[in-house]
$ cat my_file-v4.cif   # mmCIF, C-alpha atoms
data_start
#
loop_
_atom_site.label_atom_id
_atom_site.label_comp_id
_atom_site.auth_asym_id
_atom_site.auth_seq_id
_atom_site.Cartn_x
_atom_site.Cartn_y
_atom_site.Cartn_z
CA MET A 1 84.62 -53.48 8.86
CA ASN A 2 85.10 -52.18 12.41
CA VAL A 3 82.38 -53.12 14.88
CA ALA A 4 82.49 -52.35 18.60
CA PHE A 5 80.67 -54.83 20.83
CA VAL A 6 79.25 -53.16 23.96
CA LEU A 7 77.27 -55.06 26.59
CA ARG A 8 75.36 -53.13 29.27
CA CYS A 9 74.75 -54.68 32.68
CA ASP A 10 73.59 -53.79 36.19
CA GLY A 11 74.66 -56.62 38.47
CA ARG A 12 72.70 -59.70 37.40
CA LYS A 13 75.26 -62.53 37.39
CA THR A 14 72.60 -65.10 36.53
CA HIS A 15 72.09 -63.49 33.11
CA ILE A 16 75.35 -62.06 31.86
CA GLU A 17 77.44 -65.25 31.60
CA HIS A 18 74.83 -66.90 29.38
CA THR A 19 74.47 -63.78 27.23
CA VAL A 20 78.20 -63.31 26.66
CA GLN A 21 78.56 -66.99 25.75
CA SER A 22 75.67 -66.69 23.30
CA VAL A 23 77.51 -63.86 21.52
CA ARG A 24 80.63 -66.04 21.31
CA ASP A 25 78.52 -68.90 19.91
CA HIS A 26 76.27 -67.09 17.45
CA ILE A 27 78.19 -64.28 15.78
CA LYS A 28 78.85 -65.78 12.36
CA LYS A 29 82.48 -66.60 11.69
CA PRO A 30 84.87 -65.43 10.39
CA PHE A 31 84.26 -62.29 12.42
CA PHE A 32 85.86 -60.50 15.30
CA PHE A 33 85.00 -57.26 17.05
CA SER A 34 87.44 -54.37 16.84
CA HIS A 35 86.55 -53.53 20.44
CA GLY A 36 84.76 -55.45 23.19
CA VAL A 37 83.49 -53.60 26.26
CA ILE A 38 81.19 -54.24 29.22
CA ILE A 39 79.53 -51.18 30.77
CA ASP A 40 78.77 -51.94 34.42
CA ASP A 41 75.98 -49.83 35.97
CA SER A 42 75.79 -51.80 39.23
CA ALA A 43 77.99 -49.46 41.34
CA ASP A 44 78.84 -52.65 43.24
CA THR A 45 82.56 -53.13 43.84
CA SER A 46 82.31 -56.88 44.39
CA TYR A 47 80.39 -57.32 41.15
CA ALA A 48 82.94 -55.12 39.38
CA THR A 49 85.77 -57.35 40.57
CA TRP A 50 83.86 -60.44 39.45
CA LEU A 51 83.32 -58.94 35.97
CA ASP A 52 87.01 -58.07 35.60
CA THR A 53 87.98 -61.61 36.54
CA THR A 54 85.29 -63.50 34.64
CA PHE A 55 85.47 -61.55 31.36
CA SER A 56 89.16 -60.74 31.19
CA GLU A 57 89.08 -60.75 27.37
CA LEU A 58 86.73 -57.73 27.45
CA GLU A 59 87.36 -54.24 28.78
CA CYS A 60 85.08 -53.57 31.75
CA LEU A 61 84.10 -49.98 32.50
CA HIS A 62 82.41 -49.41 35.87
CA HIS A 63 80.12 -46.51 36.74
CA PRO A 64 81.04 -45.21 40.22
CA GLU A 65 77.34 -44.55 40.80
CA ARG A 66 74.28 -45.86 39.04
CA LEU A 67 73.11 -43.93 35.99
CA GLY A 68 70.14 -46.13 35.08
CA LEU A 69 69.13 -47.63 31.74
CA GLY A 70 69.29 -44.42 29.71
CA GLY A 71 72.54 -43.25 31.26
CA CYS A 72 74.13 -46.63 30.64
CA PHE A 73 72.99 -46.61 27.02
CA ARG A 74 74.58 -43.19 26.60
CA SER A 75 77.83 -44.55 28.09
CA ALA A 76 77.74 -47.40 25.56
CA LEU A 77 77.37 -44.93 22.69
CA GLU A 78 80.25 -42.85 24.06
CA VAL A 79 82.43 -45.97 24.05
CA ILE A 80 81.67 -46.54 20.36
CA THR A 81 82.34 -42.95 19.30
CA GLY A 82 85.58 -43.03 21.29
CA THR A 83 86.90 -45.72 18.94
CA ASN A 84 87.33 -45.90 15.17
CA ALA A 85 84.37 -48.30 14.90
CA GLU A 86 81.95 -47.73 12.04
CA TYR A 87 79.19 -49.68 13.81
CA GLY A 88 78.16 -50.68 17.30
CA PHE A 89 76.62 -54.02 18.25
CA LEU A 90 74.81 -53.32 21.51
CA VAL A 91 73.47 -55.96 23.89
CA GLU A 92 71.91 -55.96 27.37
CA ASP A 93 72.92 -58.56 29.92
CA ASP A 94 69.56 -60.38 29.87
CA THR A 95 69.14 -60.74 26.09
CA PRO A 96 71.04 -63.86 24.95
CA LEU A 97 71.22 -64.62 21.24
CA LEU A 98 69.30 -67.64 19.98
CA GLY A 99 70.60 -68.02 16.44
CA ASP A 100 73.57 -67.27 14.21
CA ILE A 101 73.98 -63.60 13.31
CA ASP A 102 75.76 -62.32 10.20
CA LEU A 103 76.89 -58.82 11.14
CA THR A 104 78.53 -58.28 7.75
CA ALA A 105 75.18 -58.82 6.03
CA MET A 106 73.40 -56.57 8.53
CA ALA A 107 75.95 -53.81 7.93
CA ALA A 108 75.46 -54.13 4.16
CA VAL A 109 71.71 -53.56 4.58
CA LEU A 110 72.28 -50.51 6.80
CA ASP A 111 74.76 -49.09 4.30
CA ALA A 112 72.32 -49.55 1.42
CA ASN A 113 69.45 -47.98 3.39
CA PRO A 114 70.91 -44.86 5.03
CA LEU A 115 67.66 -43.87 6.77
CA LEU A 116 67.32 -47.26 8.45
CA SER A 117 68.64 -46.38 11.91
CA GLN A 118 69.14 -49.85 13.35
CA LEU A 119 68.71 -53.57 12.75
CA MET A 120 67.51 -55.23 15.94
CA LEU A 121 67.08 -58.89 16.80
CA GLN A 122 63.53 -60.01 17.38
CA ARG A 123 62.61 -61.70 20.67
CA PRO A 124 59.67 -63.99 21.51
CA ALA A 125 56.43 -62.49 22.81
CA PHE A 126 57.17 -61.30 26.35
CA ASN A 127 54.28 -59.36 27.87
CA THR A 128 50.64 -60.36 28.25
CA GLU A 129 49.41 -58.43 25.20
CA GLU A 130 52.07 -59.85 22.88
CA ILE A 131 51.44 -63.39 24.06
CA ALA A 132 47.68 -63.02 23.58
CA ALA A 133 48.14 -61.63 20.06
CA GLY A 134 50.55 -64.37 19.06
CA GLY A 135 53.76 -62.33 18.81
CA VAL A 136 55.30 -58.88 18.58
CA TYR A 137 54.34 -58.35 14.94
CA ALA A 138 50.86 -59.80 15.39
CA LEU A 139 50.01 -57.27 18.10
CA ASN A 140 50.17 -54.35 15.61
CA PRO A 141 50.43 -56.03 12.19
CA ASN A 142 49.85 -52.87 10.14
CA ASP A 143 52.91 -51.20 11.66
CA PHE A 144 55.45 -53.63 10.22
CA THR A 145 56.55 -54.15 6.61
CA GLU A 146 58.83 -56.93 5.46
CA ARG A 147 61.49 -55.75 3.01
CA SER A 148 64.15 -57.58 1.03
CA ASP A 149 67.14 -56.81 -1.15
CA GLY A 150 67.16 -60.37 -2.52
CA PRO A 151 69.47 -62.32 -0.21
CA HIS A 152 68.50 -60.45 2.99
CA ALA A 153 65.16 -59.68 4.65
CA TRP A 154 64.29 -57.23 7.39
CA VAL A 155 61.10 -55.88 8.95
CA GLU A 156 60.85 -52.09 8.86
CA HIS A 157 58.67 -49.86 11.03
CA SER A 158 58.39 -46.32 12.40
CA ARG A 159 57.40 -47.12 15.98
CA HIS A 160 60.54 -46.57 18.06
CA TYR A 161 64.23 -47.29 18.45
CA GLY A 162 64.75 -50.46 20.49
CA PHE A 163 67.35 -51.65 22.99
CA GLN A 164 67.25 -55.36 22.19
CA PRO A 165 70.52 -56.59 20.62
CA HIS A 166 71.08 -54.44 17.55
CA LEU A 167 73.55 -53.06 15.04
CA VAL A 168 73.72 -49.28 14.60
CA LYS A 169 75.91 -47.07 12.42
CA ARG A 170 78.18 -44.40 13.80
CA ASN A 171 76.37 -41.53 12.05
CA VAL A 172 73.08 -42.50 13.73
CA ILE A 173 74.81 -42.40 17.12
CA GLU A 174 76.17 -38.96 16.25
CA CYS A 175 72.62 -37.81 15.44
CA MET A 176 71.49 -39.00 18.89
CA PHE A 177 74.30 -37.10 20.61
CA ALA A 178 73.61 -33.94 18.67
CA ASN A 179 69.92 -33.81 19.53
CA ALA A 180 68.80 -36.11 22.37
CA THR A 181 68.18 -34.84 25.90
CA ASN A 182 67.67 -38.32 27.35
CA PHE A 183 68.86 -41.70 26.18
CA LEU A 184 65.98 -44.03 26.93
CA GLU A 185 64.28 -45.69 23.94
CA LEU A 186 61.66 -42.97 23.50
CA GLY A 187 64.20 -40.22 24.08
CA VAL A 188 66.38 -41.25 21.15
CA THR A 189 63.29 -42.05 19.05
CA GLU A 190 62.10 -38.46 19.45
CA VAL A 191 65.20 -37.15 17.69
CA LEU A 192 65.62 -39.89 15.08
CA LYS A 193 62.09 -39.80 13.67
CA PRO A 194 62.11 -36.07 12.76
CA ALA A 195 65.44 -36.69 11.01
CA GLY A 196 63.63 -39.19 8.75
CA TYR A 197 64.95 -42.40 10.30
CA THR A 198 63.02 -45.66 10.45
CA PHE A 199 63.73 -48.77 12.53
CA GLY A 200 64.17 -52.41 11.63
CA TYR A 201 64.31 -56.01 12.80
CA TRP A 202 66.72 -58.42 11.15
CA GLY A 203 65.00 -61.28 9.32
CA GLY A 204 61.53 -61.86 7.93
CA ILE A 205 58.20 -61.55 9.71
CA ASN A 206 57.81 -65.33 9.91
CA ASP A 207 61.38 -66.08 10.96
CA PRO A 208 62.02 -67.47 14.47
CA PRO A 209 63.25 -65.09 17.20
CA LEU A 210 66.98 -64.41 17.32
CA CYS A 211 67.24 -63.36 20.98
CA GLU A 212 65.49 -63.81 24.30
CA HIS A 213 64.58 -61.45 27.13
CA THR A 214 65.30 -63.50 30.24
CA GLY A 215 65.12 -60.80 32.92
CA ASN A 216 61.67 -60.47 34.45
CA GLN A 217 62.25 -57.85 37.16
CA ARG A 218 63.22 -54.18 36.85
CA SER A 219 65.59 -52.63 39.36
CA SER A 220 63.62 -49.98 41.26
CA GLY A 221 64.11 -46.44 39.97
CA TYR A 222 66.69 -47.27 37.32
CA ARG A 223 64.47 -48.71 34.54
CA TRP A 224 66.61 -51.86 34.15
#
$ encode --input "my_file-v4.cif" --output "structure tokens"
Amino acid sequence: MNVAFVLRCDGRKTHIEHTVQSVRDHIKKPFFFSHGVIIDDSADTSYATWLDTTFSELECLHHPERLGLGGCFRSALEVITGTNAEYGFLVEDDTPLLGDIDLTAMAAVLDANPLLSQLMLQRPAFNTEEIAAGGVYALNPNDFTERSDGPHAWVEHSRHYGFQPHLVKRNVIECMFANATNFLELGVTEVLKPAGYTFGYWGGINDPPLCEHTGNQRSSGYRW
């Protein structure tokens, strides 16, 4: 099973060290990634040097100018399709993992459900509406359906493709490249839904969150 790990970042040192360490701590062993890459969208040479030094076990690719959230996501997908990886595990720099993740089990569910485009890790309620409702699922409870194959549970929906930490198969990435004109969440959703794809969260509706969203400020104009 070949899985490429790609982390996207834009210059926030305070987040990325914790997030990379959380991946080291929580990806269920025995497991190793066939490729490990950081995509740096900061266009900051000092930050680039710091990344190369701090994460020497990972390949760091640096954008010479900022491409923004969608452009960086596209770069991450290009990295995956440039390898022999069958899956990509994609993470942003401010979304540390909170619990152990079994990528082999996640891949088995994706393989058995070919129209399930992704399995994403759920985060705690983040914005005002989610907090008031009591959680992401509680805000729109009719949109989410818990499914199970016996040993594994996931929550399926048809709302949109998400950028929280997630596992995606190579053929889904190829569908995005063939049809998408932009690579923000809604841009890729607009091409996946007509192709019949749905979206999923790993775990049951009542399971605890498996990642956080620690960044609370967007960088102006770039959607990070």
$ closest_residue --input "my_file-v4.cif" --among "A:Gln122, A:Asn84, A:Ser34, A:Asn179" --to "His166 in chain A" --atoms "only C-alpha atoms"
A:Gln122
$ atom_distance --input "my_file-v4.cif" --atom1 "CA of His15 in chain A" --atom2 "CA of Asp93 in chain A"
5.9 Å
$ resolve_selection --input "my_file-v4.cif" --expression "the PyMOL selection byres ((chain A and resi 13) around 10)" --output "ChimeraX atom specification"
/A:9-12,14-18,47,50-51,93-94
$ write_last_selection --input "my_file-v4.cif" --atoms "C-alpha atoms" --output "PDB file, in the coordinates of the input"
ATOM      1  CA  CYS A   9      74.750 -54.680  32.680  1.00  0.00           C
ATOM      2  CA  ASP A  10      73.590 -53.790  36.190  1.00  0.00           C
ATOM      3  CA  GLY A  11      74.660 -56.620  38.470  1.00  0.00           C
ATOM      4  CA  ARG A  12      72.700 -59.700  37.400  1.00  0.00           C
ATOM      5  CA  THR A  14      72.600 -65.100  36.530  1.00  0.00           C
ATOM      6  CA  HIS A  15      72.090 -63.490  33.110  1.00  0.00           C
ATOM      7  CA  ILE A  16      75.350 -62.060  31.860  1.00  0.00           C
ATOM      8  CA  GLU A  17      77.440 -65.250  31.600  1.00  0.00           C
ATOM      9  CA  HIS A  18      74.830 -66.900  29.380  1.00  0.00           C
ATOM     10  CA  TYR A  47      80.390 -57.320  41.150  1.00  0.00           C
ATOM     11  CA  TRP A  50      83.860 -60.440  39.450  1.00  0.00           C
ATOM     12  CA  LEU A  51      83.320 -58.940  35.970  1.00  0.00           C
ATOM     13  CA  ASP A  93      72.920 -58.560  29.920  1.00  0.00           C
ATOM     14  CA  ASP A  94      69.560 -60.380  29.870  1.00  0.00           C
TER      15      ASP A  94
END
$ closest_residue --input "my_file-v4.cif" --among "A:His26, A:Arg74, A:Arg147, A:His63" --to "Gly99 in chain A" --atoms "all atoms listed in the file"
A:His26
$ closest_residue --input "my_file-v4.cif" --among "A:Gly88, A:Gly135, A:Pro141, A:Gly200" --to "Leu121 in chain A" --atoms "all atoms listed in the file"
A:Gly200
$ atom_distance --input "my_file-v4.cif" --atom1 "CA of Ile39 in chain A" --atom2 "CA of Val109 in chain A"
27.4 Å
$ closest_residue --input "my_file-v4.cif" --among "A:Asn127, A:Pro165, A:Leu69, A:Met1" --to "Phe33 in chain A" --atoms "only C-alpha atoms"
A:Met1
$ atom_distance --input "my_file-v4.cif" --atom1 "CA of Ile27 in chain A" --atom2 "CA of Pro151 in chain A"
18.3 Å
$ resolve_selection --input "my_file-v4.cif" --expression "the PyMOL selection byres ((chain A and resi 35) around 7)" --output "JSON, numbers by chain"
{"A": [3, 4, 5, 33, 34, 36, 37]}
$ closest_residue --input "my_file-v4.cif" --among "A:Leu116, A:Leu61, A:Ala107, A:Leu97" --to "Thr198 in chain A" --atoms "all atoms listed in the file"
A:Leu116
$ closest_residue --input "my_file-v4.cif" --among "A:Asp111, A:Asp41, A:Asp143, A:Asp102" --to "His157 in chain A" --atoms "all atoms listed in the file"
A:Asp143
$ resolve_selection --input "my_file-v4.cif" --expression "the PyMOL selection byres ((chain A and resi 192) around 12)" --output "PyMOL selection string"
chain A and resi 115-118+158-162+171-180+183+185-191+193-199
